[in-house]
>>> print(open('final.cif').read())   # mmCIF, C-alpha atoms and all ligand atoms
data_my_file
#
loop_
_atom_site.label_atom_id
_atom_site.label_comp_id
_atom_site.auth_asym_id
_atom_site.auth_seq_id
_atom_site.Cartn_x
_atom_site.Cartn_y
_atom_site.Cartn_z
CA MET A 15 2.35 4.47 -15.39
CA THR A 16 -0.20 2.22 -13.75
CA HIS A 17 0.93 -1.05 -12.29
CA PRO A 18 -1.21 -4.18 -11.97
CA ALA A 19 -2.70 -4.72 -8.55
CA ALA A 20 -0.48 -6.98 -6.52
CA ILE A 21 -0.15 -7.39 -2.81
CA PRO A 22 3.27 -8.75 -1.93
CA SER A 23 3.50 -11.50 0.62
CA SER A 24 4.98 -10.54 3.96
CA SER A 25 6.94 -13.76 3.76
CA ALA A 26 8.75 -12.82 0.53
CA SER A 27 11.27 -15.58 -0.01
CA SER A 28 14.39 -13.60 0.95
CA ASN A 29 16.15 -16.69 2.30
CA ALA A 30 15.13 -19.03 -0.54
CA PRO A 31 18.03 -20.57 -2.47
CA SER A 32 18.92 -18.49 -5.53
CA THR A 33 17.85 -20.07 -8.82
CA GLY A 34 18.76 -17.07 -10.95
CA GLU A 35 15.04 -16.48 -11.54
CA ALA A 36 13.03 -13.70 -9.89
CA PRO A 37 11.13 -15.21 -6.93
CA LYS A 38 7.46 -15.80 -7.72
CA ARG A 39 5.29 -13.26 -5.91
CA GLN A 40 2.89 -14.99 -3.59
CA ARG A 41 -0.34 -13.41 -2.50
CA ARG A 42 -1.32 -13.62 1.12
CA PRO A 43 -4.26 -16.01 1.60
CA PRO A 44 -7.59 -14.14 1.62
CA ARG A 45 -9.15 -13.74 5.05
CA ARG A 46 -12.87 -14.39 5.63
CA VAL A 47 -14.47 -11.52 7.55
CA GLU A 48 -18.01 -10.72 8.65
CA VAL A 49 -19.73 -7.38 9.02
CA SER A 50 -20.05 -6.76 12.76
CA LYS A 51 -21.19 -3.12 12.79
CA ILE A 52 -22.50 -0.48 10.39
CA GLU A 53 -22.50 3.24 11.07
CA ILE A 54 -24.19 5.82 8.87
CA LEU A 55 -21.65 8.66 9.03
CA SER A 56 -23.41 10.89 6.49
CA PRO A 57 -25.75 10.46 3.51
CA ALA A 58 -22.95 9.07 1.28
CA MET A 59 -20.54 7.47 3.77
CA ARG A 60 -20.89 4.16 5.63
CA ARG A 61 -18.40 2.96 8.25
CA ILE A 62 -18.40 -0.84 8.20
CA THR A 63 -16.55 -2.91 10.79
CA LEU A 64 -15.21 -6.22 9.47
CA LYS A 65 -14.39 -8.89 12.02
CA GLY A 66 -13.19 -12.48 12.00
CA ALA A 67 -10.85 -15.08 13.45
CA GLU A 68 -8.92 -15.05 10.16
CA LEU A 69 -7.80 -11.47 10.94
CA GLU A 70 -5.38 -13.02 13.46
CA GLY A 71 -1.97 -11.63 12.54
CA PHE A 72 -3.34 -8.81 10.37
CA PRO A 73 -0.95 -5.93 11.11
CA VAL A 74 -1.76 -2.43 12.27
CA THR A 75 -1.38 -0.53 9.02
CA GLY A 76 0.42 2.72 8.26
CA PRO A 77 -1.13 5.90 6.81
CA ALA A 78 -3.06 5.54 3.52
CA SER A 79 -2.29 1.85 3.16
CA TYR A 80 -4.80 -0.36 1.39
CA ILE A 81 -6.62 -3.66 1.43
CA LYS A 82 -8.48 -5.54 -1.27
CA LEU A 83 -12.05 -6.58 -0.53
CA ILE A 84 -13.87 -9.30 -2.46
CA PHE A 85 -17.64 -8.83 -2.74
CA PRO A 86 -20.33 -11.40 -3.65
CA GLU A 87 -21.17 -11.80 -7.33
CA PRO A 88 -24.82 -11.29 -8.32
CA GLY A 89 -26.84 -14.22 -6.96
CA GLN A 90 -24.28 -15.14 -4.30
CA THR A 91 -24.94 -14.55 -0.61
CA GLU A 92 -21.25 -14.98 0.15
CA PRO A 93 -18.24 -14.61 -2.17
CA THR A 94 -16.40 -17.77 -3.18
CA ARG A 95 -13.15 -18.11 -1.25
CA PRO A 96 -10.45 -17.30 -3.84
CA LEU A 97 -7.51 -19.68 -4.16
CA PRO A 98 -4.26 -17.95 -3.06
CA ASP A 99 -2.72 -18.15 -6.54
CA GLY A 100 -5.93 -18.62 -8.51
CA PRO A 101 -7.59 -16.13 -10.85
CA ARG A 102 -8.29 -12.66 -9.50
CA ALA A 103 -11.86 -12.25 -8.24
CA VAL A 104 -13.98 -10.07 -10.54
CA SER A 105 -15.63 -8.18 -7.70
CA MET A 106 -12.45 -7.18 -5.88
CA ARG A 107 -11.94 -3.49 -5.03
CA THR A 108 -9.41 -1.39 -3.12
CA TYR A 109 -10.19 0.19 0.27
CA THR A 110 -8.38 1.88 3.15
CA PRO A 111 -8.08 0.14 6.51
CA LEU A 112 -9.14 3.14 8.58
CA VAL A 113 -8.63 1.61 12.01
CA VAL A 114 -7.24 -1.84 12.81
CA ARG A 115 -7.98 -3.32 16.28
CA PRO A 116 -5.81 -6.46 16.45
CA GLU A 117 -7.05 -7.50 19.89
CA ALA A 118 -10.67 -7.42 18.70
CA LEU A 119 -9.79 -8.90 15.25
CA GLU A 120 -11.53 -5.93 13.62
CA VAL A 121 -10.92 -3.50 10.76
CA ASP A 122 -13.04 -0.39 10.09
CA VAL A 123 -13.56 0.64 6.46
CA ASP A 124 -15.38 3.79 5.24
CA PHE A 125 -17.28 3.33 1.97
CA VAL A 126 -18.42 6.16 -0.29
CA LEU A 127 -21.85 5.40 -1.75
CA HIS A 128 -21.07 6.85 -5.18
CA GLY A 129 -23.67 4.93 -7.18
CA GLU A 130 -23.41 1.64 -9.09
CA GLY A 131 -20.45 -0.68 -8.63
CA PRO A 132 -20.04 -3.98 -6.73
CA ALA A 133 -18.44 -2.26 -3.74
CA SER A 134 -20.68 0.79 -3.47
CA THR A 135 -23.84 -1.25 -4.13
CA TRP A 136 -22.81 -3.79 -1.52
CA ALA A 137 -22.04 -1.11 1.08
CA ALA A 138 -25.43 0.50 0.56
CA GLN A 139 -27.22 -2.75 1.51
CA ALA A 140 -24.67 -4.14 3.99
CA ALA A 141 -26.04 -5.96 7.01
CA VAL A 142 -24.43 -7.44 10.11
CA GLY A 143 -23.31 -11.03 9.46
CA GLN A 144 -22.62 -10.61 5.74
CA VAL A 145 -19.32 -12.07 4.54
CA LEU A 146 -16.45 -10.62 2.47
CA PHE A 147 -12.90 -11.76 1.81
CA LEU A 148 -10.06 -9.38 2.65
CA MET A 149 -6.52 -9.37 1.24
CA GLY A 150 -3.51 -7.28 2.08
CA PRO A 151 -2.50 -4.87 3.43
CA GLY A 152 -0.45 -3.03 0.82
CA PRO A 153 1.80 -0.06 1.53
CA GLY A 154 0.67 3.54 1.85
CA TYR A 155 2.13 7.03 2.27
CA ALA A 156 5.39 7.65 4.13
CA VAL A 157 4.47 10.66 6.28
CA ASP A 158 7.42 13.02 6.72
CA THR A 159 7.05 13.67 10.44
CA ALA A 160 9.95 16.17 10.37
CA ALA A 161 8.06 18.42 7.93
CA THR A 162 6.04 21.21 9.52
CA GLN A 163 3.84 22.04 6.51
CA HIS A 164 1.47 19.57 4.87
CA LEU A 165 -1.11 20.06 2.15
CA LEU A 166 -3.64 17.24 1.79
CA ILE A 167 -5.85 17.37 -1.29
CA ALA A 168 -8.46 14.64 -1.62
CA ASP A 169 -11.94 13.68 -2.65
CA ASP A 170 -14.29 11.55 -0.58
CA SER A 171 -12.77 8.25 -1.75
CA ALA A 172 -9.49 9.32 -0.13
CA LEU A 173 -11.04 10.91 2.96
CA PRO A 174 -10.28 7.73 4.99
CA ALA A 175 -6.67 7.86 3.75
CA VAL A 176 -6.44 11.52 4.78
CA GLU A 177 -7.75 10.63 8.25
CA THR A 178 -5.00 8.03 8.66
CA ILE A 179 -2.40 10.61 7.57
CA LEU A 180 -3.78 13.20 10.00
CA ALA A 181 -3.57 10.63 12.79
CA ALA A 182 0.16 10.22 12.08
CA LEU A 183 1.08 13.93 12.08
CA PRO A 184 2.87 15.34 15.13
CA ALA A 185 1.75 18.41 17.10
CA THR A 186 4.55 20.42 15.47
CA ALA A 187 2.90 20.08 12.05
CA HIS A 188 0.41 22.34 10.30
CA ALA A 189 -1.91 20.74 7.75
CA GLN A 190 -4.01 22.51 5.17
CA VAL A 191 -6.72 20.04 4.11
CA LEU A 192 -8.91 20.41 1.01
CA LEU A 193 -11.68 17.81 0.81
CA GLU A 194 -14.09 17.42 -2.08
CA VAL A 195 -17.36 15.69 -1.17
CA ILE A 196 -20.79 15.32 -2.74
CA SER A 197 -22.53 17.80 -0.45
CA ASN A 198 -21.99 19.80 2.72
CA ALA A 199 -23.86 17.07 4.62
CA GLU A 200 -20.69 14.95 4.28
CA GLN A 201 -18.63 17.18 6.58
CA ARG A 202 -17.35 15.65 9.79
CA VAL A 203 -14.90 16.43 12.55
CA LEU A 204 -11.32 15.43 11.73
CA HIS A 205 -8.82 14.56 14.46
CA SER A 206 -5.09 15.18 14.55
CA ALA A 207 -2.38 16.31 16.93
CA ALA A 208 -1.39 18.78 14.17
CA GLN A 209 -2.94 22.22 13.69
CA LEU A 210 -5.57 21.85 10.98
CA ASP A 211 -7.08 24.21 8.44
CA VAL A 212 -9.83 22.16 6.79
CA ARG A 213 -11.96 23.25 3.83
CA TRP A 214 -14.89 21.14 2.66
CA LEU A 215 -15.81 21.60 -0.99
CA ALA A 216 -19.17 20.36 -2.31
CA ARG A 217 -19.01 18.86 -5.81
CA GLY A 218 -22.65 17.86 -6.23
CA THR A 219 -23.78 14.53 -7.65
CA ASP A 220 -22.30 14.99 -11.14
CA HIS A 221 -19.06 12.99 -10.89
CA ARG A 222 -17.99 14.42 -14.27
CA THR A 223 -16.95 17.57 -12.42
CA ALA A 224 -14.63 15.58 -10.14
CA GLY A 225 -11.60 17.62 -9.14
CA GLU A 226 -12.97 20.99 -10.24
CA PRO A 227 -13.76 22.23 -6.70
CA LEU A 228 -10.28 21.13 -5.54
CA ALA A 229 -8.58 22.97 -8.41
CA LYS A 230 -10.62 26.11 -7.77
CA ALA A 231 -9.78 26.08 -4.06
CA LEU A 232 -6.09 25.56 -4.80
CA ARG A 233 -6.03 28.55 -7.15
CA ALA A 234 -7.55 30.66 -4.35
CA LEU A 235 -4.90 29.73 -1.75
CA PRO A 236 -2.70 32.73 -0.94
CA SER A 237 0.45 30.58 -1.24
CA ILE A 238 1.86 27.09 -0.81
CA ALA A 239 4.93 26.76 1.43
CA THR A 240 8.00 25.77 -0.58
CA GLU A 241 8.75 23.04 1.94
CA ALA A 242 5.14 21.69 2.11
CA ARG A 243 4.69 17.94 1.67
CA ILE A 244 1.68 17.44 -0.60
CA TYR A 245 -0.56 14.36 -0.71
CA LEU A 246 -3.04 14.39 -3.59
CA ALA A 247 -5.59 11.58 -4.05
CA CYS A 248 -8.80 11.71 -6.06
CA GLU A 249 -10.25 10.79 -9.47
CA ALA A 250 -7.35 9.75 -11.73
CA ALA A 251 -7.65 12.37 -14.49
CA ALA A 252 -8.35 15.10 -11.92
CA MET A 253 -5.25 14.05 -10.00
CA ARG A 254 -3.12 14.53 -13.14
CA ARG A 255 -4.69 17.94 -13.89
CA ILE A 256 -4.24 19.13 -10.30
CA ARG A 257 -0.64 17.97 -10.22
CA GLN A 258 0.07 19.98 -13.39
CA LEU A 259 -1.71 22.98 -11.87
CA LEU A 260 0.47 22.75 -8.76
CA ILE A 261 3.67 22.50 -10.82
CA ASP A 262 2.91 24.84 -13.74
CA ASP A 263 0.89 27.58 -12.04
CA LEU A 264 1.45 27.38 -8.29
CA GLY A 265 5.22 27.01 -8.14
CA VAL A 266 5.33 23.60 -6.48
CA SER A 267 8.16 21.24 -7.31
CA ARG A 268 7.33 17.74 -8.57
CA SER A 269 9.26 16.16 -5.69
CA GLN A 270 6.91 17.76 -3.11
CA ILE A 271 3.88 15.87 -4.46
CA VAL A 272 2.70 12.30 -3.95
CA GLY A 273 -0.24 11.71 -6.30
CA ARG A 274 -2.71 8.79 -6.31
CA GLY A 275 -5.58 8.07 -8.67
CA TYR A 276 -8.19 6.44 -6.40
CA TRP A 277 -10.87 5.85 -9.05
CA LYS A 278 -11.39 6.77 -12.68
CA LEU A 279 -14.47 8.23 -14.28
CA ASP A 280 -16.31 5.57 -16.34
CA VAL A 281 -13.73 2.89 -15.49
CA VAL A 282 -14.57 -0.21 -13.47
CA ASN A 283 -12.01 -1.23 -10.83
CA HIS A 284 -9.29 1.32 -11.52
CA PRO A 285 -5.88 -0.15 -10.51
CA ASP A 286 -4.64 0.45 -6.98
CA HIS A 287 -1.16 1.66 -8.03
CA ASP A 288 -2.00 4.69 -10.17
CA TYR A 289 0.71 7.17 -9.24
CA GLY A 290 0.06 9.33 -12.32
CA ASP A 291 3.70 9.04 -13.36
CA ASP A 292 2.65 8.78 -17.02
CA ALA A 293 1.69 12.47 -16.94
C1 LIG B 1 -5.37 2.83 -2.45
C2 LIG B 1 -6.87 3.08 -2.56
C3 LIG B 1 -7.63 3.18 -1.40
C4 LIG B 1 -9.02 3.46 -1.49
N1 LIG B 1 -9.76 3.59 -0.34
C5 LIG B 1 -11.08 3.84 -0.42
C6 LIG B 1 -11.88 3.95 0.77
O1 LIG B 1 -11.40 3.77 1.89
N2 LIG B 1 -13.19 4.25 0.63
C7 LIG B 1 -13.78 4.43 -0.62
O2 LIG B 1 -15.00 4.68 -0.68
N3 LIG B 1 -13.06 4.30 -1.75
C8 LIG B 1 -11.74 3.99 -1.68
N4 LIG B 1 -11.00 3.84 -2.83
C9 LIG B 1 -11.69 4.00 -4.11
C10 LIG B 1 -12.41 2.72 -4.54
O3 LIG B 1 -11.47 1.67 -4.70
C11 LIG B 1 -13.12 2.99 -5.89
O4 LIG B 1 -14.05 4.01 -5.74
C12 LIG B 1 -13.76 1.74 -6.48
O5 LIG B 1 -13.83 1.91 -7.87
C13 LIG B 1 -15.16 1.47 -5.95
O6 LIG B 1 -15.62 0.25 -6.53
P1 LIG B 1 -17.12 0.06 -7.04
O7 LIG B 1 -17.29 -1.40 -7.20
O8 LIG B 1 -18.04 0.79 -6.15
O9 LIG B 1 -17.14 0.79 -8.46
P2 LIG B 1 -16.47 0.28 -9.85
O10 LIG B 1 -17.11 -0.99 -10.30
O11 LIG B 1 -14.98 0.25 -9.69
O12 LIG B 1 -16.87 1.47 -10.82
C14 LIG B 1 -18.20 1.61 -11.32
C15 LIG B 1 -18.44 3.06 -11.76
O13 LIG B 1 -18.42 3.90 -10.63
C16 LIG B 1 -17.52 5.00 -10.80
N5 LIG B 1 -16.85 5.25 -9.49
C17 LIG B 1 -16.02 4.42 -8.80
N6 LIG B 1 -15.64 4.97 -7.64
C18 LIG B 1 -16.22 6.21 -7.59
C19 LIG B 1 -16.20 7.26 -6.64
N7 LIG B 1 -15.50 7.18 -5.48
N8 LIG B 1 -16.93 8.37 -6.90
C20 LIG B 1 -17.66 8.48 -8.06
N9 LIG B 1 -17.72 7.50 -9.00
C21 LIG B 1 -17.01 6.38 -8.77
C22 LIG B 1 -16.51 4.52 -11.88
O14 LIG B 1 -16.02 5.62 -12.60
C23 LIG B 1 -17.36 3.60 -12.73
O15 LIG B 1 -18.04 4.34 -13.73
C24 LIG B 1 -9.63 3.58 -2.77
C25 LIG B 1 -8.85 3.43 -3.93
C26 LIG B 1 -7.49 3.19 -3.82
C27 LIG B 1 -6.67 3.05 -5.09
#
>>> encode(input="final.cif", output="structure tokens")
Amino acid sequence: MTHPAAIPSSSASSNAPSTGEAPKRQRRPPRRVEVSKIEILSPAMRRITLKGAELEGFPVTGPASYIKLIFPEPGQTEPTRPLPDGPRAVSMRTYTPLVVRPEALEVDVDFVLHGEGPASTWAAQAAVGQVLFLMGPGPGYAVDTAATQHLLIADDSALPAVETILAALPATAHAQVLLEVISNAEQRVLHSAAQLDVRWLARGTDHRTAGEPLAKALRALPSIATEARIYLACEAAAMRRIRQLLIDDLGVSRSQIVGRGYWKLDVVNHPDHDYGDDA
């Protein structure tokens, strides 16, 4: 089941007087941020640092959490500041806060340049001083730090999420990491205290084959530890197929897997809460 995008307020009205009605969910006010730095990590990945006084109080986020970014509409140089409970901005998309530096009032976000779309198109032309609005954060993945075996299966859209998970793993953990990217030029060094076995899988530019390299690599694995914690995040239909592959053919139990659809082929602004639990 997919759920509509909603970012709960940190100040949920737990001490409000009971009226018998469910408390109205309030969205946190959007924060105005400016691009302060742009790094070309690889042909299809840009690291963009967003900075601003309105990031005061923005928390350090946990692994694979998310933010919503609001991009300018065509013809705008700066997006209109959305009203806290007003209509949802059309050009709002979901991204991973890769690194949060509260003292510098900065958040780093890695953007895949996948082609056309308000977010990808914006990231390709981003320049220092440009303005976005940022909402969130929303919750991510509860890393089981007691587990010694982890299998992380992701495409490039979830590479930042994987990096935040790797940063949270202890030295006692072993992580097998399968990463599907457009080409081998996207490879980069990943950091973790855990022991890593990383495989980069080139998909090519035809997004219609999304998930195929991941499925092929999974079939070729000698085995998957019965106690492995598995995080799977990629194109939504591919995520469902790979989850079935893990369960039906590779002997994994459903409870070992956390699945996330990060984008959907031919769908604009796929929802941020696609857990694939309709499959
Ligand atoms: C929790 C969460 C965290 C995410 N974090 C990140 C992140 O840190 N970095 C990141 O780059 N993405 C991330 N994504 C994915 C990102 O939200 C989507 O890729 C989003 O659709 C991009 O918006 P857009 O405006 O570029 O394209 P849209 O307007 O949404 O879509 C336009 C077209 O592009 C296609 N498309 C969209 N995304 C991709 C893609 N990645 N590859 C190929 N085709 C695509 C769609 O199928 C559609 O046909 C995250 C998603 C979720 C749910």
>>> residues_around(input="final.cif", residues="segment 155-167 of chain A", least_positions_apart="5", cutoff="9 Å", atoms="only C-alpha atoms", output="number ranges by chain")
A: 76-79, 172, 175-176, 179, 182-184, 186-194, 228, 232, 238-239, 241-248, 272
>>> closest_atom_pairs(input="final.cif", of="chain A", to="ligand LIG 1 (chain B)", cutoff="6 Å", atoms="only C-alpha atoms and all ligand atoms", output="CSV")
residue,atom,partner,partner_atom,distance
A:Tyr80,CA,B:LIG1,C1,5.0
A:Arg107,CA,B:LIG1,O3,5.2
A:Thr108,CA,B:LIG1,O3,4.0
A:Tyr109,CA,B:LIG1,N1,3.5
A:Thr110,CA,B:LIG1,O1,3.8
A:Val123,CA,B:LIG1,O1,5.9
A:Asp124,CA,B:LIG1,N2,5.1
A:Phe125,CA,B:LIG1,O2,3.7
A:Val126,CA,B:LIG1,O2,3.7
A:His128,CA,B:LIG1,N8,4.7
A:Glu130,CA,B:LIG1,C14,5.7
A:Gly131,CA,B:LIG1,O7,3.5
A:Pro132,CA,B:LIG1,O7,3.8
A:Ala133,CA,B:LIG1,O7,3.7
A:Ser134,CA,B:LIG1,O8,3.8
A:Ser171,CA,B:LIG1,N3,4.0
A:Ala172,CA,B:LIG1,C5,5.7
A:Pro174,CA,B:LIG1,O1,5.2
A:His221,CA,B:LIG1,C20,5.5
A:Tyr276,CA,B:LIG1,C27,3.9
A:Trp277,CA,B:LIG1,C11,4.8
A:Lys278,CA,B:LIG1,O14,4.8
A:Leu279,CA,B:LIG1,O14,3.5
A:Asp280,CA,B:LIG1,O15,3.4
A:Val281,CA,B:LIG1,O14,4.6
A:Val282,CA,B:LIG1,O11,3.8
A:Asn283,CA,B:LIG1,O11,3.5
A:His284,CA,B:LIG1,O5,5.9
A:Asp286,CA,B:LIG1,C27,3.8
>>> closest_residue(input="final.cif", among="A:Pro153, A:Gly275, A:Pro101, A:Gly71", to="Ala118 of chain A", atoms="only C-alpha atoms")
A:Gly71
>>> atom_distance(input="final.cif", atom1="atom CA of Glu92 of chain A", atom2="atom CA of Leu146 of chain A")
6.9 Å
>>> closest_residue(input="final.cif", among="A:Ala231, A:Gly152, A:Thr94, A:His205", to="His287 of chain A", atoms="only C-alpha atoms")
A:Gly152
>>> closest_residue(input="final.cif", among="A:Thr240, A:Gln144, A:Ala138, A:Val104", to="Gln270 of chain A", atoms="all atoms listed in the file")
A:Thr240
>>> atom_distance(input="final.cif", atom1="atom CA of Ser105 of chain A", atom2="atom CA of Arg254 of chain A")
26.5 Å
>>> residues_near_point(input="final.cif", point="(-14.5, 24.9, -3.4)", cutoff="12 Å", atoms="all atoms listed in the file", output="MDAnalysis selection string")
chainID A and resid 167 169 191:198 212:218 223:235
